[in-house]
Amino acid sequence: MTTQANHLEILSVTAQGQRTVWTRIGTAFPTKDGKGYRPNPRCAGARVVNSARFDDDSCLGAKMSLELSPAGVLQREIEQAKRIVIGTHLNPDGDALGSALAMSHYLEGIHKEHALVCHHPAPRNLEFLPGIERVQQSAEGEFDLGIILDLDAYDRLGDTAPLFDRCPRTIVIDHHVPIQKPGDVRIIDTTAAATALILGRLFREMGAEFTPAISTCLLTGIVTDTGSFRYRNTSAEALSLSAFLLEHGGDINKVSEEIFQRKPLGGTRLLGHMLDTMRLAAENRIAYGVLTQADFADTGALDQDTEGFVNEMLFIDTVQIAALLREVSEGTIRCSIRSRNHLDVAAVARIFGGGGHKNAAGCTFYTSVPDAETQLVKELQRCLAFS
Ligand code: 5GP
Ligand code: MN
């Protein structure tokens with residue numbers, strides 16, 4: 001798999017504007033059996049660049065040059081593949097697994113042999129997703145196409161990376177600010193609220209059937225990444241696609257209930273502890289929490305139960321940047337950072353080898369808790385002062 005350069009960036013939407021590159025796929029010829037053209041100029045997302053009458057020994061009729069839109073390229077890559085492996089990032093969230101499972105349901109619908117892998121198993125609050133049992137930590141055999149959803153950095157594939165390394169082709173569909181630009185074909189829209197939104201858009205263009213399972217999976221990605229349509233990334237498209245998904249059997253009540261309204265007791269106790277011991281800096285404009293292994297042991301909570309904790313600190317009226325440090329094992333500290341408005345915390349996360357979005361990012365420290373805290377707070381203050 002390509003990790004740098006060489007890739008074909010077929011859709012790249014950034015805050016600066018959209019750049020859709022239609023991909024020249026060569027010349028379409030009438031087939032010998034007279035049944036049509038190959039590639040088919042009427043396939044989804046295809047457009048004819050030029051055509052000419054053509055009459056010789058090899059074929060009779062019109063030959064034409066074709067270009068494909070991102071949806072056309074995706075459809076063509078899928079059609080040409082025999083065995084596909086779907087992947088996503090480690091510590092998967094609702095957008096990662098929702099998008100990956102939506103792709104799996106789509107491939108199942110068109111009878112395409114495939115597997116779905118992720119470094120970590122699903123967190124408890126995503127076990128309701130239709131088809132969740134398909135998520136494996138590894139897969140047997142070889143695949144000729146890898147489709148990776150919601151991935152900005154190659155190392156976030158974790159132990160599943162070798163499977164994709166061995167794929168002759170990989171497609172990445174994502175909405176993060178790219179770090180390493182993984183993938184041979186990249187469909188990237190950094191203005192999209194969720195990867196599920198990009199995928200929903202592509203599926204619609206491809207004329208895919210929106211089953212209740214696909215709709216619920218995509219809805220989960222949108223609801224998760226927009227914080228139930230509350231975050232600033234909530235767009236008209238996020239709302240209109242969600243309405244479309246509801247019309248196609250997406251179960252928004254189940255999604256909201258399972259993700260936001262069914263917390264384990266230990267997690268809620270841990271939230272109380274975090275708010276109790278929260279630290280403030282820069283005249284209450286920075287808030288951060290530190291959770292040690294002992295805190296997890298005392299409450300019986302797991303790291304996955306801390307989803308959303310950091311936002312509780314950001315929601316304080318004076319706070320501009322919030323961060324949460326969690327000691328997941330000795331010497332390994334996961335960090336989530338959130339910010340308001342123009343403050344770019346993805347840039348802070350990148351300093352420590354992480355990444356994410358401008359207002360929601362993360363990284364991992366491999367050091368002691370106090371050292372991670374010192375390093376982080378210094379950069380958060382710098383971010384606040386110089387942005
Ligand atoms: P969270 O704080 O919810 O774990 O992550 C927030 C955002 O930052 C997500 O979009 C996630 O993909 C991204 N992110 C979190 N940790 C990392 C990391 O270690 N590396 C990169 N590249 N992105 C991360
Ligand atoms: Mn996402």
# chains A, B, ... in the order shown; residues from 1 in each chain; ligands from 1

call {"tool": "residues_near_ligand", "arguments": {"ligand": "ligand 1", "cutoff": "6 Å", "atoms": "only C-alpha atoms and all ligand atoms", "output": "list in words"}}
result
Asp152, Ala153, Ser336, Ile337, Gly354, Gly355, Gly356, His357, Ala360, Ala361, Gly362, Cys363 and Thr364 of chain A

call {"tool": "residues_around", "arguments": {"residues": "Ala323 of chain A", "least_positions_apart": "3", "cutoff": "9 Å", "atoms": "only C-alpha atoms", "output": "CSV table (one decimal) with N, CA and C atoms, in the first residue's frame"}}
result
chain,number,residue,atom,x,y,z
A,286,ILE,N,-8.2,27.0,29.9
A,286,ILE,CA,-7.8,25.7,29.7
A,286,ILE,C,-8.3,24.8,30.8
A,287,ALA,N,-9.0,23.7,30.5
A,287,ALA,CA,-9.4,22.7,31.6
A,287,ALA,C,-8.8,21.4,31.2
A,288,TYR,N,-8.3,20.6,32.1
A,288,TYR,CA,-7.9,19.3,31.8
A,288,TYR,C,-8.0,18.3,32.9
A,289,GLY,N,-8.2,17.1,32.6
A,289,GLY,CA,-8.4,16.0,33.6
A,289,GLY,C,-7.3,15.0,33.4
A,290,VAL,N,-7.0,14.3,34.5
A,290,VAL,CA,-6.0,13.3,34.5
A,290,VAL,C,-6.6,12.1,35.2
A,310,VAL,N,-14.2,14.5,27.8
A,310,VAL,CA,-13.4,15.7,27.6
A,310,VAL,C,-14.4,16.9,27.2
A,311,ASN,N,-15.5,16.6,26.5
A,311,ASN,CA,-16.4,17.6,26.1
A,311,ASN,C,-17.1,18.3,27.3
A,313,MET,N,-15.8,19.1,29.9
A,313,MET,CA,-14.9,20.2,30.4
A,313,MET,C,-15.0,21.4,29.4
A,314,LEU,N,-15.0,21.0,28.1
A,314,LEU,CA,-15.1,22.1,27.1
A,314,LEU,C,-16.3,22.9,27.2
A,335,CYS,N,-4.4,10.7,25.1
A,335,CYS,CA,-4.8,12.0,25.3
A,335,CYS,C,-5.9,12.5,24.3
A,336,SER,N,-7.0,13.1,24.8
A,336,SER,CA,-8.0,13.6,23.9
A,336,SER,C,-8.0,15.1,24.1
A,337,ILE,N,-8.0,15.9,23.0
A,337,ILE,CA,-8.1,17.3,23.1
A,337,ILE,C,-9.2,17.9,22.3
A,338,ARG,N,-9.9,18.9,22.9
A,338,ARG,CA,-11.0,19.5,22.2
A,338,ARG,C,-10.8,21.0,22.3
A,339,SER,N,-11.4,21.8,21.3
A,339,SER,CA,-11.2,23.2,21.4
A,339,SER,C,-12.4,23.9,20.7
A,376,LEU,N,2.0,18.6,27.8
A,376,LEU,CA,0.8,18.9,27.1
A,376,LEU,C,0.3,20.4,27.5
A,377,VAL,N,0.4,20.7,28.8
A,377,VAL,CA,-0.2,22.0,29.2
A,377,VAL,C,0.7,23.1,28.6
A,380,LEU,N,-0.6,23.5,25.1
A,380,LEU,CA,-2.0,24.0,25.1
A,380,LEU,C,-2.0,25.5,25.3

call {"tool": "atom_distance", "arguments": {"atom1": "atom CA of Leu74 of chain A", "atom2": "atom CA of Ile171 of chain A"}}
result
7.9 Å

call {"tool": "residues_near_ligand", "arguments": {"ligand": "ligand 2", "cutoff": "12 Å", "atoms": "only C-alpha atoms and all ligand atoms", "output": "PyMOL selection string"}}
result
chain A and resi 88-89+91-100+149-152+173-177+188-199+218+220-227+233+356-357+360-361

call {"tool": "write_last_selection", "arguments": {"atoms": "C-alpha atoms", "output": "PDB file, in the first residue's frame"}}
result
ATOM      1  CA  THR A  88     -10.489   1.276   9.888  1.00  0.00           C
ATOM      2  CA  HIS A  89      -8.498   2.900  12.682  1.00  0.00           C
ATOM      3  CA  ASN A  91      -9.749   2.479  19.074  1.00  0.00           C
ATOM      4  CA  PRO A  92     -12.674   2.547  16.631  1.00  0.00           C
ATOM      5  CA  ASP A  93     -15.524   4.997  17.228  1.00  0.00           C
ATOM      6  CA  GLY A  94     -19.041   5.164  15.796  1.00  0.00           C
ATOM      7  CA  ASP A  95     -17.881   6.724  12.542  1.00  0.00           C
ATOM      8  CA  ALA A  96     -15.092   4.179  12.048  1.00  0.00           C
ATOM      9  CA  LEU A  97     -17.217   1.075  12.662  1.00  0.00           C
ATOM     10  CA  GLY A  98     -20.428   2.589  11.270  1.00  0.00           C
ATOM     11  CA  SER A  99     -18.686   3.379   7.985  1.00  0.00           C
ATOM     12  CA  ALA A 100     -16.799   0.066   7.832  1.00  0.00           C
ATOM     13  CA  LEU A 149     -12.526   4.115   6.199  1.00  0.00           C
ATOM     14  CA  ASP A 150     -11.829   7.061   8.532  1.00  0.00           C
ATOM     15  CA  LEU A 151      -8.024   6.723   8.425  1.00  0.00           C
ATOM     16  CA  ASP A 152      -5.580   9.627   8.379  1.00  0.00           C
ATOM     17  CA  ILE A 173     -12.181   7.301   2.292  1.00  0.00           C
ATOM     18  CA  ASP A 174     -11.729   9.855   5.060  1.00  0.00           C
ATOM     19  CA  HIS A 175     -12.516  13.290   6.485  1.00  0.00           C
ATOM     20  CA  HIS A 176      -9.453  13.972   8.653  1.00  0.00           C
ATOM     21  CA  VAL A 177      -6.724  16.453   7.833  1.00  0.00           C
ATOM     22  CA  ILE A 188     -10.940  12.834   1.084  1.00  0.00           C
ATOM     23  CA  ASP A 189     -13.285  15.592   2.212  1.00  0.00           C
ATOM     24  CA  THR A 190     -11.998  17.412   5.275  1.00  0.00           C
ATOM     25  CA  THR A 191     -15.134  19.557   5.360  1.00  0.00           C
ATOM     26  CA  ALA A 192     -17.394  16.512   5.815  1.00  0.00           C
ATOM     27  CA  ALA A 193     -18.735  16.024   9.350  1.00  0.00           C
ATOM     28  CA  ALA A 194     -18.129  12.280   9.186  1.00  0.00           C
ATOM     29  CA  THR A 195     -16.642   9.627   6.941  1.00  0.00           C
ATOM     30  CA  ALA A 196     -20.138   8.094   6.975  1.00  0.00           C
ATOM     31  CA  LEU A 197     -21.373  11.246   5.265  1.00  0.00           C
ATOM     32  CA  ILE A 198     -18.881  10.878   2.398  1.00  0.00           C
ATOM     33  CA  LEU A 199     -19.784   7.203   2.099  1.00  0.00           C
ATOM     34  CA  LEU A 218     -24.209   5.426   8.446  1.00  0.00           C
ATOM     35  CA  THR A 220     -24.285   6.055  13.740  1.00  0.00           C
ATOM     36  CA  GLY A 221     -21.239   7.638  12.092  1.00  0.00           C
ATOM     37  CA  ILE A 222     -22.997  10.969  11.562  1.00  0.00           C
ATOM     38  CA  VAL A 223     -24.597  11.067  15.031  1.00  0.00           C
ATOM     39  CA  THR A 224     -21.274  10.179  16.712  1.00  0.00           C
ATOM     40  CA  ASP A 225     -19.104  12.668  14.861  1.00  0.00           C
ATOM     41  CA  THR A 226     -21.571  15.571  15.140  1.00  0.00           C
ATOM     42  CA  GLY A 227     -22.253  14.846  18.843  1.00  0.00           C
ATOM     43  CA  ASN A 233     -19.432  20.437  11.899  1.00  0.00           C
ATOM     44  CA  GLY A 356      -7.310  14.552  14.193  1.00  0.00           C
ATOM     45  CA  HIS A 357      -9.493  17.537  13.376  1.00  0.00           C
ATOM     46  CA  ALA A 360     -11.066  17.389  18.117  1.00  0.00           C
ATOM     47  CA  ALA A 361      -7.753  15.610  18.200  1.00  0.00           C
TER      48      ALA A 361
END

call {"tool": "residues_around", "arguments": {"residues": "Lys358 of chain A", "least_positions_apart": "6", "cutoff": "8 Å", "atoms": "only C-alpha atoms", "output": "PyMOL selection string"}}
result
chain A and resi 339+342-347

call {"tool": "residues_around", "arguments": {"residues": "segment 130-137 of chain A", "least_positions_apart": "2", "cutoff": "6 Å", "atoms": "only C-alpha atoms", "output": "count of residues only"}}
result
5

call {"tool": "select_by_dssp", "arguments": {"residues": "segment 151-356 of chain A", "states": "strand (DSSP E or B)", "output": "PyMOL selection string"}}
result
chain A and resi 170-174+185-189+279-281+286-291+321-329+332-339+355-356

call {"tool": "write_last_selection", "arguments": {"atoms": "N, CA and C atoms", "output": "compact mmCIF listing (two decimals), in the first residue's frame"}}
result
# COMPACT_ATOMS: atom_id res chain seq x y z
N THR A 170 -5.35 -0.15 -2.69
CA THR A 170 -6.08 0.28 -1.49
C THR A 170 -6.78 1.61 -1.77
N ILE A 171 -7.97 1.73 -1.24
CA ILE A 171 -8.73 2.98 -1.34
C ILE A 171 -8.95 3.50 0.08
N VAL A 172 -8.70 4.78 0.29
CA VAL A 172 -8.97 5.38 1.59
C VAL A 172 -10.08 6.42 1.44
N ILE A 173 -11.09 6.31 2.28
CA ILE A 173 -12.18 7.30 2.29
C ILE A 173 -12.16 7.93 3.68
N ASP A 174 -11.99 9.25 3.75
CA ASP A 174 -11.73 9.85 5.06
C ASP A 174 -12.08 11.33 5.10
N VAL A 185 -5.76 5.09 -3.88
CA VAL A 185 -6.82 5.99 -4.31
C VAL A 185 -7.37 6.64 -3.05
N ARG A 186 -7.46 7.97 -3.06
CA ARG A 186 -7.89 8.67 -1.84
C ARG A 186 -9.12 9.53 -2.12
N ILE A 187 -10.17 9.29 -1.36
CA ILE A 187 -11.38 10.10 -1.49
C ILE A 187 -11.52 10.85 -0.16
N ILE A 188 -11.09 12.08 -0.16
CA ILE A 188 -10.94 12.83 1.08
C ILE A 188 -11.77 14.11 1.05
N ASP A 189 -12.55 14.33 2.08
CA ASP A 189 -13.29 15.59 2.21
C ASP A 189 -13.16 16.06 3.66
N ARG A 279 -8.31 20.17 36.49
CA ARG A 279 -7.38 21.28 36.72
C ARG A 279 -7.64 22.38 35.71
N LEU A 280 -7.33 23.61 36.12
CA LEU A 280 -7.58 24.76 35.25
C LEU A 280 -6.30 25.54 35.06
N ALA A 281 -6.18 26.16 33.90
CA ALA A 281 -5.00 26.99 33.61
C ALA A 281 -5.44 28.15 32.74
N ILE A 286 -8.23 27.04 29.93
CA ILE A 286 -7.83 25.65 29.67
C ILE A 286 -8.32 24.80 30.84
N ALA A 287 -8.97 23.68 30.53
CA ALA A 287 -9.37 22.73 31.58
C ALA A 287 -8.83 21.37 31.17
N TYR A 288 -8.30 20.63 32.13
CA TYR A 288 -7.86 19.29 31.77
C TYR A 288 -8.02 18.33 32.94
N GLY A 289 -8.23 17.08 32.57
CA GLY A 289 -8.41 16.04 33.57
C GLY A 289 -7.32 15.00 33.42
N VAL A 290 -7.00 14.35 34.52
CA VAL A 290 -6.00 13.29 34.51
C VAL A 290 -6.61 12.07 35.19
N LEU A 291 -6.65 10.95 34.50
CA LEU A 291 -7.17 9.72 35.10
C LEU A 291 -6.07 8.67 35.12
N ILE A 321 -10.07 25.46 25.56
CA ILE A 321 -9.43 24.19 25.22
C ILE A 321 -9.58 23.23 26.40
N ALA A 322 -9.97 21.99 26.10
CA ALA A 322 -10.07 20.98 27.16
C ALA A 322 -9.28 19.75 26.74
N ALA A 323 -8.70 19.09 27.71
CA ALA A 323 -7.92 17.87 27.40
C ALA A 323 -8.13 16.83 28.49
N LEU A 324 -8.03 15.58 28.10
CA LEU A 324 -8.13 14.49 29.08
C LEU A 324 -6.97 13.51 28.86
N LEU A 325 -6.21 13.30 29.93
CA LEU A 325 -5.12 12.32 29.90
C LEU A 325 -5.57 11.07 30.63
N ARG A 326 -5.40 9.91 29.98
CA ARG A 326 -5.76 8.65 30.64
C ARG A 326 -4.57 7.71 30.62
N GLU A 327 -4.21 7.23 31.79
CA GLU A 327 -3.11 6.27 31.88
C GLU A 327 -3.68 4.88 31.57
N VAL A 328 -3.52 4.43 30.31
CA VAL A 328 -4.13 3.15 29.93
C VAL A 328 -3.29 1.96 30.37
N SER A 329 -1.96 2.18 30.49
CA SER A 329 -1.09 1.20 31.14
C SER A 329 0.12 1.99 31.60
N THR A 332 2.00 4.53 29.29
CA THR A 332 1.24 4.83 28.07
C THR A 332 0.03 5.68 28.45
N ILE A 333 0.02 6.90 27.96
CA ILE A 333 -1.05 7.83 28.34
C ILE A 333 -1.77 8.35 27.10
N ARG A 334 -3.03 7.98 26.98
CA ARG A 334 -3.85 8.45 25.86
C ARG A 334 -4.34 9.86 26.17
N CYS A 335 -4.41 10.66 25.14
CA CYS A 335 -4.82 12.04 25.35
C CYS A 335 -5.87 12.45 24.32
N SER A 336 -6.96 13.05 24.79
CA SER A 336 -7.99 13.62 23.90
C SER A 336 -8.01 15.12 24.11
N ILE A 337 -8.05 15.88 23.02
CA ILE A 337 -8.06 17.33 23.13
C ILE A 337 -9.24 17.90 22.32
N ARG A 338 -9.92 18.87 22.87
CA ARG A 338 -11.03 19.53 22.18
C ARG A 338 -10.85 21.04 22.30
N SER A 339 -11.36 21.77 21.29
CA SER A 339 -11.22 23.22 21.35
C SER A 339 -12.44 23.89 20.75
N GLY A 355 -2.95 13.31 15.90
CA GLY A 355 -3.61 14.09 14.85
C GLY A 355 -5.10 14.16 15.11
N GLY A 356 -5.86 14.46 14.07
CA GLY A 356 -7.31 14.55 14.19
C GLY A 356 -7.84 15.74 13.44

call {"tool": "residues_around", "arguments": {"residues": "Glu247 of chain A", "least_positions_apart": "3", "cutoff": "12 Å", "atoms": "only C-alpha atoms", "output": "list of chain:residue names"}}
result
A:Phe210, A:Thr211, A:Pro212, A:Ser215, A:Thr216, A:Leu219, A:Ser240, A:Leu241, A:Ser242, A:Ala243, A:Phe244, A:Gly250, A:Asp251, A:Ile252

call {"tool": "closest_residue", "arguments": {"among": "A:Glu373, A:Ile259, A:Asp303, A:Glu312", "to": "Phe128 of chain A", "atoms": "only C-alpha atoms"}}
result
A:Ile259

call {"tool": "closest_residue", "arguments": {"among": "A:Leu270, A:Met103, A:Ala236, A:Ile110", "to": "Gly200 of chain A", "atoms": "only C-alpha atoms"}}
result
A:Met103
